[in-house]
file upload-v9.csv (CSV, C-alpha atoms)
chain,number,residue,atom,x,y,z
X,1,MET,CA,6.0,31.7,12.3
X,2,THR,CA,5.9,28.1,13.6
X,3,THR,CA,6.9,25.2,11.4
X,4,LEU,CA,5.4,22.0,12.8
X,5,PRO,CA,7.2,18.7,12.3
X,6,ALA,CA,6.2,17.0,9.0
X,7,ALA,CA,4.0,14.0,9.2
X,8,ASN,CA,5.8,12.2,6.4
X,9,GLY,CA,9.4,13.4,7.0
X,10,MET,CA,10.8,9.8,7.3
X,11,GLU,CA,13.6,8.3,5.4
X,12,PRO,CA,12.7,7.1,1.9
X,13,PRO,CA,12.1,3.4,1.7
X,14,ASP,CA,14.6,0.9,0.4
X,15,VAL,CA,15.3,0.6,-3.3
X,16,ARG,CA,15.2,-2.9,-4.7
X,17,CYS,CA,16.0,-4.3,-8.2
X,18,PRO,CA,12.7,-4.7,-10.0
X,19,HIS,CA,13.8,-8.1,-11.4
X,20,CYS,CA,15.3,-9.9,-8.3
X,21,ALA,CA,14.4,-7.6,-5.4
X,22,TYR,CA,18.1,-7.2,-4.5
X,23,LEU,CA,18.7,-4.2,-2.2
X,24,ILE,CA,20.4,-1.3,-4.1
X,25,GLU,CA,22.1,1.6,-2.5
X,26,ARG,CA,20.1,4.8,-3.3
X,27,ASN,CA,23.3,6.7,-4.3
X,28,GLU,CA,24.3,4.0,-6.8
X,29,LEU,CA,21.1,4.6,-8.7
X,30,VAL,CA,21.3,6.9,-11.7
X,31,ARG,CA,18.5,8.6,-13.6
X,32,GLY,CA,18.1,6.4,-16.8
X,33,PRO,CA,19.5,2.9,-17.6
X,34,ASN,CA,20.8,0.9,-14.6
X,35,ARG,CA,22.0,-2.6,-14.2
X,36,CYS,CA,21.6,-4.8,-11.1
X,37,ASP,CA,24.8,-6.0,-9.6
X,38,ARG,CA,23.4,-9.4,-8.7
X,39,CYS,CA,21.2,-10.5,-11.6
X,40,GLN,CA,22.9,-8.3,-14.2
X,41,ARG,CA,19.6,-7.3,-15.8
X,42,ASP,CA,18.8,-3.8,-17.0
X,43,PHE,CA,16.1,-1.5,-15.9
X,44,GLU,CA,15.3,2.2,-16.1
X,45,ALA,CA,15.0,4.2,-12.9
X,46,PHE,CA,14.1,7.7,-12.0
X,47,ALA,CA,14.8,8.4,-8.3
X,48,LEU,CA,13.3,11.5,-6.6
X,49,GLU,CA,13.7,13.0,-3.2
X,50,PRO,CA,10.2,13.8,-2.0
X,51,PRO,CA,10.1,17.2,-0.2
X,52,VAL,CA,9.4,17.1,3.5
X,53,ARG,CA,6.1,18.7,4.1
X,54,GLY,CA,5.8,21.3,6.8
X,55,PHE,CA,2.7,23.3,7.9
X,56,ARG,CA,3.4,26.9,8.4
X,57,ALA,CA,0.9,28.4,10.9
X,58,THR,CA,1.2,32.1,11.7
X,59,SER,CA,0.4,33.2,15.2
X,60,LEU,CA,-2.6,35.6,15.6
X,61,GLY,CA,-0.4,38.3,17.3
X,62,GLU,CA,-1.8,41.7,17.9
X,63,ASP,CA,-3.3,42.3,14.4
X,64,PRO,CA,-7.0,43.3,15.1
X,65,GLY,CA,-8.0,42.5,11.5
X,66,ALA,CA,-6.8,38.8,11.7
X,67,THR,CA,-9.3,36.0,12.2
X,68,ALA,CA,-8.5,33.1,14.6
X,69,CYS,CA,-8.7,29.5,13.5
X,70,SER,CA,-11.7,27.8,15.0
X,71,LEU,CA,-9.7,24.9,16.3
X,72,HIS,CA,-6.4,26.6,17.2
X,73,SER,CA,-7.3,29.9,18.8
X,74,GLY,CA,-3.7,31.1,18.7
X,75,ASN,CA,-3.3,30.6,14.9
X,76,ARG,CA,-4.3,33.0,12.2
X,77,ALA,CA,-7.0,31.6,9.9
X,78,THR,CA,-5.9,31.3,6.2
X,79,GLY,CA,-9.1,30.1,4.7
X,80,HIS,CA,-12.5,28.6,5.4
X,81,CYS,CA,-14.1,25.2,4.9
X,82,ALA,CA,-15.8,24.6,1.5
X,83,ARG,CA,-18.7,22.9,3.2
X,84,CYS,CA,-19.5,24.6,6.5
X,85,GLY,CA,-17.5,27.8,6.2
X,86,VAL,CA,-15.6,27.5,9.5
X,87,PHE,CA,-12.3,29.3,9.5
X,88,PHE,CA,-9.1,27.1,9.6
X,89,CYS,CA,-5.4,27.5,9.8
X,90,PRO,CA,-2.9,25.4,7.6
X,91,VAL,CA,-2.6,22.9,10.4
X,92,CYS,CA,-6.2,21.7,10.2
X,93,ARG,CA,-6.9,22.3,6.5
X,94,LEU,CA,-7.6,19.1,4.7
X,95,GLU,CA,-7.7,19.1,0.9
X,96,ALA,CA,-9.8,16.8,-1.3
X,97,ASP,CA,-11.2,17.3,-4.8
X,98,ARG,CA,-9.1,20.5,-4.9
X,99,LYS,CA,-11.1,22.1,-2.1
X,100,GLY,CA,-10.2,22.8,1.5
X,101,TYR,CA,-12.3,21.2,4.3
X,102,CYS,CA,-12.2,21.4,8.1
X,103,PRO,CA,-11.5,18.0,9.8
X,104,ALA,CA,-15.1,17.4,10.9
X,105,CYS,CA,-16.5,18.0,7.4
X,106,PHE,CA,-13.8,15.9,5.8
X,107,GLU,CA,-14.6,13.0,8.1
X,108,ARG,CA,-18.3,13.3,7.3
X,109,LEU,CA,-17.8,13.5,3.5
X,110,LEU,CA,-15.3,10.6,3.7
X,111,GLY,CA,-17.9,8.5,5.5
X,112,ASP,CA,-20.5,9.4,2.9
X,113,GLU,CA,-18.1,8.5,0.1
X,114,ALA,CA,-18.9,12.0,-1.3
X,115,LEU,CA,-15.3,12.9,-2.1
X,116,SER,CA,-14.2,11.3,-5.4
X,117,THR,CA,-10.5,11.6,-4.7
X,118,ALA,CA,-10.8,10.1,-1.2
X,119,ARG,CA,-13.2,7.2,-1.9
X,120,ARG,CA,-11.9,3.9,-0.7
X,121,HIS,CA,-14.2,1.3,-2.4
X,122,TYR,CA,-17.1,1.0,-4.7
X,123,THR,CA,-19.0,-1.6,-6.7
X,124,ASP,CA,-17.9,-2.1,-10.3
X,125,TYR,CA,-21.0,-2.6,-12.3
X,126,GLY,CA,-18.9,-3.4,-15.5
X,127,SER,CA,-17.6,-6.5,-13.7
X,128,LEU,CA,-21.1,-7.6,-12.9
X,129,GLY,CA,-22.1,-7.2,-16.6
X,130,ALA,CA,-19.1,-9.3,-17.6
X,131,LEU,CA,-20.0,-12.0,-15.1
X,132,PHE,CA,-23.7,-12.2,-16.3
X,133,ALA,CA,-22.6,-12.2,-20.0
X,134,VAL,CA,-20.2,-15.1,-19.5
X,135,LEU,CA,-22.7,-17.0,-17.3
X,136,GLY,CA,-25.3,-16.6,-20.0
X,137,LEU,CA,-22.9,-18.0,-22.6
X,138,CYS,CA,-22.3,-21.0,-20.4
X,139,ALA,CA,-25.9,-21.8,-19.4
X,140,TRP,CA,-28.3,-21.1,-22.2
X,141,ILE,CA,-31.2,-22.4,-20.3
X,142,PHE,CA,-30.9,-19.3,-18.1
X,143,ALA,CA,-29.7,-16.9,-20.8
X,144,LEU,CA,-33.1,-15.3,-21.2
X,145,ALA,CA,-32.6,-13.8,-17.7
X,146,LEU,CA,-28.8,-13.5,-17.7
X,147,GLY,CA,-28.6,-11.7,-21.0
X,148,PRO,CA,-30.8,-8.7,-20.0
X,149,ALA,CA,-28.9,-8.6,-16.6
X,150,ALA,CA,-25.6,-8.4,-18.5
X,151,VAL,CA,-27.0,-5.6,-20.7
X,152,TYR,CA,-28.4,-3.7,-17.6
X,153,TYR,CA,-25.2,-3.9,-15.6
X,154,SER,CA,-23.0,-3.0,-18.7
X,155,LEU,CA,-25.1,0.1,-19.3
X,156,LYS,CA,-24.9,0.9,-15.5
X,157,GLY,CA,-21.1,0.4,-15.8
X,158,LEU,CA,-20.9,2.8,-18.7
X,159,THR,CA,-22.8,5.4,-16.7
X,160,GLN,CA,-20.6,4.8,-13.7
X,161,ARG,CA,-17.4,5.3,-15.7
X,162,ASP,CA,-18.9,8.6,-17.0
X,163,ALA,CA,-19.8,9.7,-13.4
X,164,LEU,CA,-16.3,8.8,-12.2
X,165,GLY,CA,-14.8,10.7,-15.1
X,166,GLU,CA,-12.7,7.7,-16.3
X,167,THR,CA,-11.3,7.6,-19.8
X,168,GLY,CA,-10.2,4.7,-21.9
X,169,THR,CA,-12.0,1.7,-20.3
X,170,ARG,CA,-15.2,1.5,-22.2
X,171,LEU,CA,-14.5,-0.9,-25.1
X,172,ALA,CA,-14.8,-4.0,-22.9
X,173,LEU,CA,-18.1,-2.8,-21.5
X,174,TRP,CA,-19.6,-2.5,-25.0
X,175,GLY,CA,-18.3,-6.0,-25.7
X,176,TRP,CA,-20.2,-7.4,-22.6
X,177,LEU,CA,-23.3,-5.4,-23.6
X,178,PHE,CA,-23.4,-7.0,-27.0
X,179,LEU,CA,-22.6,-10.4,-25.6
X,180,GLY,CA,-25.6,-9.9,-23.3
X,181,VAL,CA,-27.8,-9.2,-26.3
X,182,PHE,CA,-26.4,-12.3,-28.0
X,183,ASP,CA,-27.0,-14.4,-24.9
X,184,PHE,CA,-30.7,-13.3,-24.9
X,185,LEU,CA,-31.2,-14.0,-28.6
X,186,ALA,CA,-29.4,-17.3,-28.4
X,187,GLY,CA,-31.3,-18.3,-25.2
X,188,ALA,CA,-34.6,-17.4,-26.8
X,189,GLY,CA,-33.7,-19.4,-29.9
X,190,PHE,CA,-32.6,-22.4,-27.7
X,191,LEU,CA,-35.9,-22.4,-25.8
X,192,ILE,CA,-38.0,-22.0,-28.9
X,193,ALA,CA,-36.2,-25.0,-30.5
X,194,LEU,CA,-36.6,-27.0,-27.3
X,195,PHE,CA,-40.4,-26.6,-27.0
X,196,ARG,CA,-41.3,-26.7,-30.7
M,1,MET,CA,-3.9,17.6,-23.5
M,2,PRO,CA,-7.0,16.6,-25.6
M,3,PRO,CA,-10.3,18.3,-24.6
M,4,ALA,CA,-11.8,15.0,-23.5
M,5,GLU,CA,-8.9,14.6,-21.1
M,6,GLN,CA,-9.3,18.1,-19.7
M,7,SER,CA,-12.8,17.3,-18.4
M,8,ALA,CA,-11.9,13.8,-17.1
M,9,ARG,CA,-11.1,13.4,-13.5
M,10,LEU,CA,-9.4,10.1,-13.9
M,11,ILE,CA,-7.4,9.3,-17.0
M,12,TYR,CA,-6.7,5.6,-17.7
M,13,LEU,CA,-3.0,4.8,-17.9
M,14,GLY,CA,-2.7,1.0,-17.7
M,15,ARG,CA,-3.4,-2.2,-15.8
M,16,LYS,CA,-2.0,-5.1,-14.1
M,17,LEU,CA,-3.5,-8.6,-14.3
M,18,GLY,CA,-2.9,-11.0,-11.4
M,19,PHE,CA,-4.2,-14.5,-10.6
M,20,LEU,CA,-7.3,-13.4,-8.8
M,21,THR,CA,-7.2,-9.6,-9.0
M,22,ARG,CA,-6.7,-7.0,-11.6
M,23,GLU,CA,-5.6,-3.4,-11.0
M,24,ARG,CA,-6.5,-0.4,-13.1
M,25,VAL,CA,-4.3,2.6,-12.8
M,26,PHE,CA,-5.6,6.1,-13.4
M,27,ARG,CA,-4.0,9.5,-13.3
M,28,PHE,CA,-5.7,12.4,-11.4
M,29,PRO,CA,-4.2,15.9,-11.0
M,30,ASP,CA,-2.4,15.1,-7.7
M,31,GLY,CA,-1.3,11.5,-8.3
M,32,LEU,CA,-2.3,8.1,-9.4
M,33,GLU,CA,-5.4,6.0,-8.3
M,34,VAL,CA,-5.0,2.3,-8.2
M,35,ASP,CA,-8.4,0.5,-8.4
M,36,VAL,CA,-7.9,-3.1,-7.2
M,37,VAL,CA,-10.8,-5.1,-8.6
M,38,LEU,CA,-11.8,-8.1,-6.5
M,39,GLY,CA,-14.9,-9.6,-8.3
M,40,ALA,CA,-17.3,-6.7,-8.4
M,41,GLN,CA,-15.8,-4.8,-5.5
M,42,VAL,CA,-13.2,-2.2,-6.1
M,43,ARG,CA,-10.7,-1.0,-3.5
M,44,CYS,CA,-9.0,2.3,-4.2
M,45,GLN,CA,-5.5,3.2,-3.3
M,46,ARG,CA,-3.6,6.3,-4.2
M,47,VAL,CA,0.0,7.2,-4.9
M,48,PHE,CA,0.6,11.0,-4.6
M,49,PHE,CA,3.1,12.6,-6.9
M,50,ASP,CA,4.7,14.5,-4.0
M,51,GLU,CA,5.4,11.2,-2.2
M,52,VAL,CA,6.9,9.4,-5.2
M,53,HIS,CA,10.6,8.4,-4.5
M,54,LEU,CA,11.3,6.0,-7.3
M,55,ILE,CA,9.8,5.2,-10.8
M,56,THR,CA,11.2,2.1,-12.6
M,57,LEU,CA,10.6,0.6,-16.0
M,58,HIS,CA,11.8,-2.9,-16.7
M,59,ARG,CA,11.2,-5.8,-19.0
M,60,GLY,CA,10.1,-9.0,-17.3
M,61,ARG,CA,8.6,-12.3,-18.6
M,62,GLY,CA,5.3,-12.4,-16.7
M,63,LEU,CA,5.5,-15.8,-15.1
M,64,VAL,CA,1.7,-16.2,-14.7
M,65,LEU,CA,0.9,-16.1,-18.4
M,66,LEU,CA,3.9,-18.3,-19.3
M,67,LEU,CA,2.7,-21.0,-16.7
M,68,VAL,CA,-0.9,-20.8,-17.7
M,69,ALA,CA,-0.2,-20.8,-21.5
M,70,GLY,CA,2.4,-23.6,-21.1
M,71,ALA,CA,0.0,-25.8,-19.1
M,72,LEU,CA,-2.8,-25.2,-21.5
M,73,PHE,CA,-0.6,-26.1,-24.4
M,74,LEU,CA,0.5,-29.3,-22.8
M,75,PHE,CA,-3.1,-30.2,-21.8
M,76,ALA,CA,-4.5,-29.4,-25.3
M,77,THR,CA,-1.7,-31.4,-27.0
M,78,ALA,CA,-2.4,-34.4,-24.8
M,79,ALA,CA,-6.1,-34.1,-25.3
M,80,SER,CA,-5.7,-33.8,-29.1
M,81,LEU,CA,-3.3,-36.8,-29.2
M,82,LEU,CA,-5.8,-38.8,-27.1
M,83,THR,CA,-8.7,-37.9,-29.3
M,84,GLY,CA,-6.6,-38.8,-32.4
M,85,LEU,CA,-5.5,-42.2,-30.9
M,86,ILE,CA,-9.1,-43.1,-30.0
M,87,GLY,CA,-10.0,-42.9,-33.7
M,88,ASN,CA,-10.8,-39.4,-35.0
M,89,TRP,CA,-7.6,-37.5,-36.1
M,90,TRP,CA,-9.7,-34.6,-37.5
M,91,ALA,CA,-11.3,-34.0,-34.0
M,92,GLY,CA,-7.8,-34.2,-32.5
M,93,ALA,CA,-6.5,-31.6,-34.9
M,94,GLY,CA,-9.5,-29.4,-34.1
M,95,VAL,CA,-8.8,-29.5,-30.4
M,96,PHE,CA,-5.1,-28.6,-31.1
M,97,VAL,CA,-6.0,-25.7,-33.4
M,98,LEU,CA,-8.6,-24.3,-31.0
M,99,ALA,CA,-6.8,-24.6,-27.7
M,100,GLY,CA,-3.2,-25.7,-28.2
M,101,LEU,CA,-2.2,-23.3,-31.0
M,102,PRO,CA,-3.4,-20.1,-29.3
M,103,ALA,CA,-1.7,-21.1,-26.1
M,104,ALA,CA,1.5,-21.9,-27.9
M,105,THR,CA,1.3,-18.5,-29.7
M,106,ALA,CA,0.8,-16.7,-26.5
M,107,PHE,CA,3.7,-18.5,-24.9
M,108,VAL,CA,6.1,-17.8,-27.7
M,109,LEU,CA,5.0,-14.2,-28.1
M,110,ARG,CA,5.5,-13.6,-24.3
M,111,LEU,CA,8.9,-15.2,-24.4
M,112,ALA,CA,9.9,-13.1,-27.4
M,113,LEU,CA,8.4,-9.7,-26.5
M,114,GLY,CA,8.5,-9.8,-22.7
M,115,LEU,CA,6.3,-7.7,-20.5
M,116,ASP,CA,7.1,-4.1,-19.8
M,117,VAL,CA,6.4,-3.1,-16.2
M,118,VAL,CA,6.2,0.4,-14.9
M,119,THR,CA,6.3,0.7,-11.1
M,120,ILE,CA,5.8,3.8,-9.1
M,121,HIS,CA,7.0,3.6,-5.5
M,122,GLY,CA,5.4,6.1,-3.1
M,123,ARG,CA,6.3,6.5,0.5
M,124,ARG,CA,3.2,4.5,1.6
M,125,SER,CA,1.8,2.9,-1.5
M,126,ARG,CA,2.8,1.5,-4.9
M,127,ALA,CA,1.3,1.4,-8.4
M,128,GLU,CA,2.3,-1.1,-11.1
M,129,MET,CA,1.3,-1.3,-14.7
M,130,HIS,CA,2.0,-4.1,-17.3
M,131,PHE,CA,2.3,-3.5,-21.0
M,132,PHE,CA,2.6,-6.6,-23.3
M,133,LEU,CA,2.3,-5.4,-26.9
M,134,LYS,CA,2.2,-1.6,-26.4
M,135,LYS,CA,5.9,-1.0,-25.7
M,136,ALA,CA,5.7,2.7,-26.9
M,137,ARG,CA,2.8,3.2,-24.5
M,138,ALA,CA,4.9,1.9,-21.6
M,139,GLN,CA,7.7,4.4,-22.4
M,140,GLU,CA,5.2,7.2,-22.8
M,141,VAL,CA,3.5,6.5,-19.4
M,142,TYR,CA,6.9,6.1,-17.7
M,143,HIS,CA,8.2,9.5,-18.9
M,144,GLN,CA,4.9,11.2,-18.3
M,145,ILE,CA,4.8,10.1,-14.6
M,146,CYS,CA,8.5,11.0,-14.2
M,147,ARG,CA,7.7,14.5,-15.5
M,148,LEU,CA,4.6,15.0,-13.4
M,149,ALA,CA,6.2,13.7,-10.2
M,150,ARG,CA,9.3,15.9,-10.7
M,151,GLU,CA,7.2,19.0,-11.5
M,152,ARG,CA,4.9,18.4,-8.5
M,153,GLN,CA,7.8,17.9,-6.1
M,154,GLU,CA,9.6,21.0,-7.4
M,155,ARG,CA,6.5,23.0,-6.9
M,156,VAL,CA,6.0,21.8,-3.3
M,157,SER,CA,9.7,22.5,-2.6
M,158,ARG,CA,9.3,26.1,-4.0
M,159,GLU,CA,6.3,26.6,-1.8
M,160,GLY,CA,8.5,25.7,1.1
M,161,GLY,CA,7.0,22.3,1.7
M,162,ALA,CA,3.6,23.7,2.6
M,163,GLY,CA,0.9,21.7,1.1
call {"tool": "encode", "arguments": {"input": "upload-v9.csv", "output": "structure tokens"}}
result
Amino acid sequence: MTTLPAANGMEPPDVRCPHCAYLIERNELVRGPNRCDRCQRDFEAFALEPPVRGFRATSLGEDPGATACSLHSGNRATGHCARCGVFFCPVCRLEADRKGYCPACFERLLGDEALSTARRHYTDYGSLGALFAVLGLCAWIFALALGPAAVYYSLKGLTQRDALGETGTRLALWGWLFLGVFDFLAGAGFLIALFR
Amino acid sequence: MPPAEQSARLIYLGRKLGFLTRERVFRFPDGLEVDVVLGAQVRCQRVFFDEVHLITLHRGRGLVLLLVAGALFLFATAASLLTGLIGNWWAGAGVFVLAGLPAATAFVLRLALGLDVVTIHGRRSRAEMHFFLKKARAQEVYHQICRLARERQERVSREGGAG
């Protein structure tokens, strides 16, 4: 059995006071209430020692029933890629969304933004809804267009939150949606009053 | 865990409001996702439970809100006095009630209650959440993350560090 050096086996970063950023010795920190020596202000802390990760790859040996890893011919395969089915050893297994992928598939899915727990950026439609709703409130002359835009993007934001599986962030979106409806009605009233 | 949370991939925990950005922090089975909202674009960062080395909870003041509320209060007071001196004291009082009083309330409330801040330090990334009125929620989130990080790290250690 070979244990490869851990990728994140470095020393834990410095510990600093959350109030004044004064450097605190790690061994001086206790689990629970602490007080900074410099600013004398209290804070709670819970220090942990993250385990060093190692990857245990077993050599193929003479076992005729064992399957070799597709990338490391000397290593015994311990699973297969959830996308392409290629065999991999623990060294080249990459986990995302609770599934194991080979490096090539992982890169491809990452590029396509198809892995929800590995996505790096996205457009927040809820923010666009908020922007249009506030703009509609400020410029009633354009509210007839901005109101429906706010409603559209707020609804899209709600669908997006559902798709992402987010909980607890919907109330504001409903607020922007109703503000969009108000913008539209107020804008229509404003224009009717203007041209009457 | 409620049934709605069981099906959710991301469970909302809290947020941090800055001058130009806001951050929303969610919990997912392996860690925390920090969504940094810049306009309509969201940048995602993650703090994994097996990389967490420190979790802190402290009560700060939140300088941004204090400065903004203080400045707004001074501006509204000056504007209401000016309006009153020009001739209409009722309009001056209206300006003060609409802008000055809420700003003063926010300033005093923030000074009195403070801002509870939960910070999670990972090896490579960091998550921060601010709680103004929900002090019990700050405690709940702090203890929940402490428990989840400890459990996760114990499990990884038991499995011999293999991930």
call {"tool": "closest_atom_pairs", "arguments": {"input": "upload-v9.csv", "of": "range 55-87 of chain X", "to": "range 100-120 of chain X", "cutoff": "10 Å", "atoms": "only C-alpha atoms", "output": "Markdown table"}}
result
| residue | atom | partner | partner_atom | distance |
| --- | --- | --- | --- | --- |
| X:Ser70 | CA | X:Cys102 | CA | 9.4 |
| X:Leu71 | CA | X:Cys102 | CA | 9.3 |
| X:Gly79 | CA | X:Gly100 | CA | 8.0 |
| X:His80 | CA | X:Gly100 | CA | 7.4 |
| X:Cys81 | CA | X:Tyr101 | CA | 4.4 |
| X:Ala82 | CA | X:Tyr101 | CA | 5.6 |
| X:Arg83 | CA | X:Tyr101 | CA | 6.7 |
| X:Cys84 | CA | X:Cys105 | CA | 7.3 |
| X:Gly85 | CA | X:Cys102 | CA | 8.5 |
| X:Val86 | CA | X:Cys102 | CA | 7.1 |
| X:Phe87 | CA | X:Cys102 | CA | 8.0 |
call {"tool": "atom_distance", "arguments": {"input": "upload-v9.csv", "atom1": "CA of Leu48 in chain X", "atom2": "CA of Arg150 in chain M"}}
result
7.2 Å
call {"tool": "closest_atom_pairs", "arguments": {"input": "upload-v9.csv", "of": "range 89-109 of chain M", "to": "range 62-77 of chain M", "cutoff": "8 Å", "atoms": "only C-alpha atoms", "output": "tab-separated table"}}
result
residue	atom	partner	partner_atom	distance
M:Val95	CA	M:Ala76	CA	6.7
M:Phe96	CA	M:Ala76	CA	5.9
M:Ala99	CA	M:Ala76	CA	5.8
M:Gly100	CA	M:Phe73	CA	4.6
M:Leu101	CA	M:Phe73	CA	7.3
M:Ala103	CA	M:Ala69	CA	4.8
M:Ala104	CA	M:Phe73	CA	5.9
M:Ala106	CA	M:Ala69	CA	6.5
M:Phe107	CA	M:Leu66	CA	5.6
call {"tool": "write_last_selection", "arguments": {"input": "upload-v9.csv", "atoms": "C-alpha atoms", "output": "PDB file, in the coordinates of the input"}}
result
ATOM      1  CA  VAL M  95      -8.800 -29.500 -30.400  1.00  0.00           C
ATOM      2  CA  PHE M  96      -5.100 -28.600 -31.100  1.00  0.00           C
ATOM      3  CA  ALA M  99      -6.800 -24.600 -27.700  1.00  0.00           C
ATOM      4  CA  GLY M 100      -3.200 -25.700 -28.200  1.00  0.00           C
ATOM      5  CA  LEU M 101      -2.200 -23.300 -31.000  1.00  0.00           C
ATOM      6  CA  ALA M 103      -1.700 -21.100 -26.100  1.00  0.00           C
ATOM      7  CA  ALA M 104       1.500 -21.900 -27.900  1.00  0.00           C
ATOM      8  CA  ALA M 106       0.800 -16.700 -26.500  1.00  0.00           C
ATOM      9  CA  PHE M 107       3.700 -18.500 -24.900  1.00  0.00           C
TER      10      PHE M 107
END
call {"tool": "interface_residues", "arguments": {"input": "upload-v9.csv", "of": "chain M", "to": "chain X", "cutoff": "7 Å", "atoms": "only C-alpha atoms", "output": "VMD selection string"}}
result
chain M and resid 8 to 12 39 to 45 50 to 58 123 146 153 156 to 157 161 to 163
call {"tool": "atom_distance", "arguments": {"input": "upload-v9.csv", "atom1": "CA of Val37 in chain M", "atom2": "CA of Arg24 in chain M"}}
result
7.8 Å
call {"tool": "closest_residue", "arguments": {"input": "upload-v9.csv", "among": "X:Val151, X:Arg76, X:Arg35, X:Leu23", "to": "Asp183 in chain X", "atoms": "all atoms listed in the file"}}
result
X:Val151
call {"tool": "atom_distance", "arguments": {"input": "upload-v9.csv", "atom1": "CA of Thr21 in chain M", "atom2": "CA of Cys39 in chain X"}}
result
28.5 Å
call {"tool": "closest_residue", "arguments": {"input": "upload-v9.csv", "among": "M:Val108, M:Leu115, M:Gly60, M:Pro102", "to": "Cys20 in chain X", "atoms": "only C-alpha atoms"}}
result
M:Gly60
call {"tool": "residues_near_point", "arguments": {"input": "upload-v9.csv", "point": "(4.1, -3.3, -20.0)", "cutoff": "6 Å", "atoms": "only C-alpha atoms", "output": "mmCIF file with C-alpha atoms, in the frame of the given file"}}
result
data_model
loop_
_atom_site.group_PDB
_atom_site.id
_atom_site.type_symbol
_atom_site.label_atom_id
_atom_site.label_comp_id
_atom_site.auth_asym_id
_atom_site.auth_seq_id
_atom_site.Cartn_x
_atom_site.Cartn_y
_atom_site.Cartn_z
ATOM 1 C CA LEU M 115 6.300 -7.700 -20.500
ATOM 2 C CA ASP M 116 7.100 -4.100 -19.800
ATOM 3 C CA VAL M 117 6.400 -3.100 -16.200
ATOM 4 C CA HIS M 130 2.000 -4.100 -17.300
ATOM 5 C CA PHE M 131 2.300 -3.500 -21.000
ATOM 6 C CA PHE M 132 2.600 -6.600 -23.300
ATOM 7 C CA ALA M 138 4.900 1.900 -21.600
#
call {"tool": "residues_near_point", "arguments": {"input": "upload-v9.csv", "point": "(-23.1, -10.7, -20.6)", "cutoff": "10 Å", "atoms": "all atoms listed in the file", "output": "ChimeraX atom specification"}}
result
/X:126-137,143,146-154,173-184
call {"tool": "write_last_selection", "arguments": {"input": "upload-v9.csv", "atoms": "C-alpha atoms", "output": "PDB file, in the coordinates of the input"}}
result
ATOM      1  CA  GLY X 126     -18.900  -3.400 -15.500  1.00  0.00           C
ATOM      2  CA  SER X 127     -17.600  -6.500 -13.700  1.00  0.00           C
ATOM      3  CA  LEU X 128     -21.100  -7.600 -12.900  1.00  0.00           C
ATOM      4  CA  GLY X 129     -22.100  -7.200 -16.600  1.00  0.00           C
ATOM      5  CA  ALA X 130     -19.100  -9.300 -17.600  1.00  0.00           C
ATOM      6  CA  LEU X 131     -20.000 -12.000 -15.100  1.00  0.00           C
ATOM      7  CA  PHE X 132     -23.700 -12.200 -16.300  1.00  0.00           C
ATOM      8  CA  ALA X 133     -22.600 -12.200 -20.000  1.00  0.00           C
ATOM      9  CA  VAL X 134     -20.200 -15.100 -19.500  1.00  0.00           C
ATOM     10  CA  LEU X 135     -22.700 -17.000 -17.300  1.00  0.00           C
ATOM     11  CA  GLY X 136     -25.300 -16.600 -20.000  1.00  0.00           C
ATOM     12  CA  LEU X 137     -22.900 -18.000 -22.600  1.00  0.00           C
ATOM     13  CA  ALA X 143     -29.700 -16.900 -20.800  1.00  0.00           C
ATOM     14  CA  LEU X 146     -28.800 -13.500 -17.700  1.00  0.00           C
ATOM     15  CA  GLY X 147     -28.600 -11.700 -21.000  1.00  0.00           C
ATOM     16  CA  PRO X 148     -30.800  -8.700 -20.000  1.00  0.00           C
ATOM     17  CA  ALA X 149     -28.900  -8.600 -16.600  1.00  0.00           C
ATOM     18  CA  ALA X 150     -25.600  -8.400 -18.500  1.00  0.00           C
ATOM     19  CA  VAL X 151     -27.000  -5.600 -20.700  1.00  0.00           C
ATOM     20  CA  TYR X 152     -28.400  -3.700 -17.600  1.00  0.00           C
ATOM     21  CA  TYR X 153     -25.200  -3.900 -15.600  1.00  0.00           C
ATOM     22  CA  SER X 154     -23.000  -3.000 -18.700  1.00  0.00           C
ATOM     23  CA  LEU X 173     -18.100  -2.800 -21.500  1.00  0.00           C
ATOM     24  CA  TRP X 174     -19.600  -2.500 -25.000  1.00  0.00           C
ATOM     25  CA  GLY X 175     -18.300  -6.000 -25.700  1.00  0.00           C
ATOM     26  CA  TRP X 176     -20.200  -7.400 -22.600  1.00  0.00           C
ATOM     27  CA  LEU X 177     -23.300  -5.400 -23.600  1.00  0.00           C
ATOM     28  CA  PHE X 178     -23.400  -7.000 -27.000  1.00  0.00           C
ATOM     29  CA  LEU X 179     -22.600 -10.400 -25.600  1.00  0.00           C
ATOM     30  CA  GLY X 180     -25.600  -9.900 -23.300  1.00  0.00           C
ATOM     31  CA  VAL X 181     -27.800  -9.200 -26.300  1.00  0.00           C
ATOM     32  CA  PHE X 182     -26.400 -12.300 -28.000  1.00  0.00           C
ATOM     33  CA  ASP X 183     -27.000 -14.400 -24.900  1.00  0.00           C
ATOM     34  CA  PHE X 184     -30.700 -13.300 -24.900  1.00  0.00           C
TER      35      PHE X 184
END
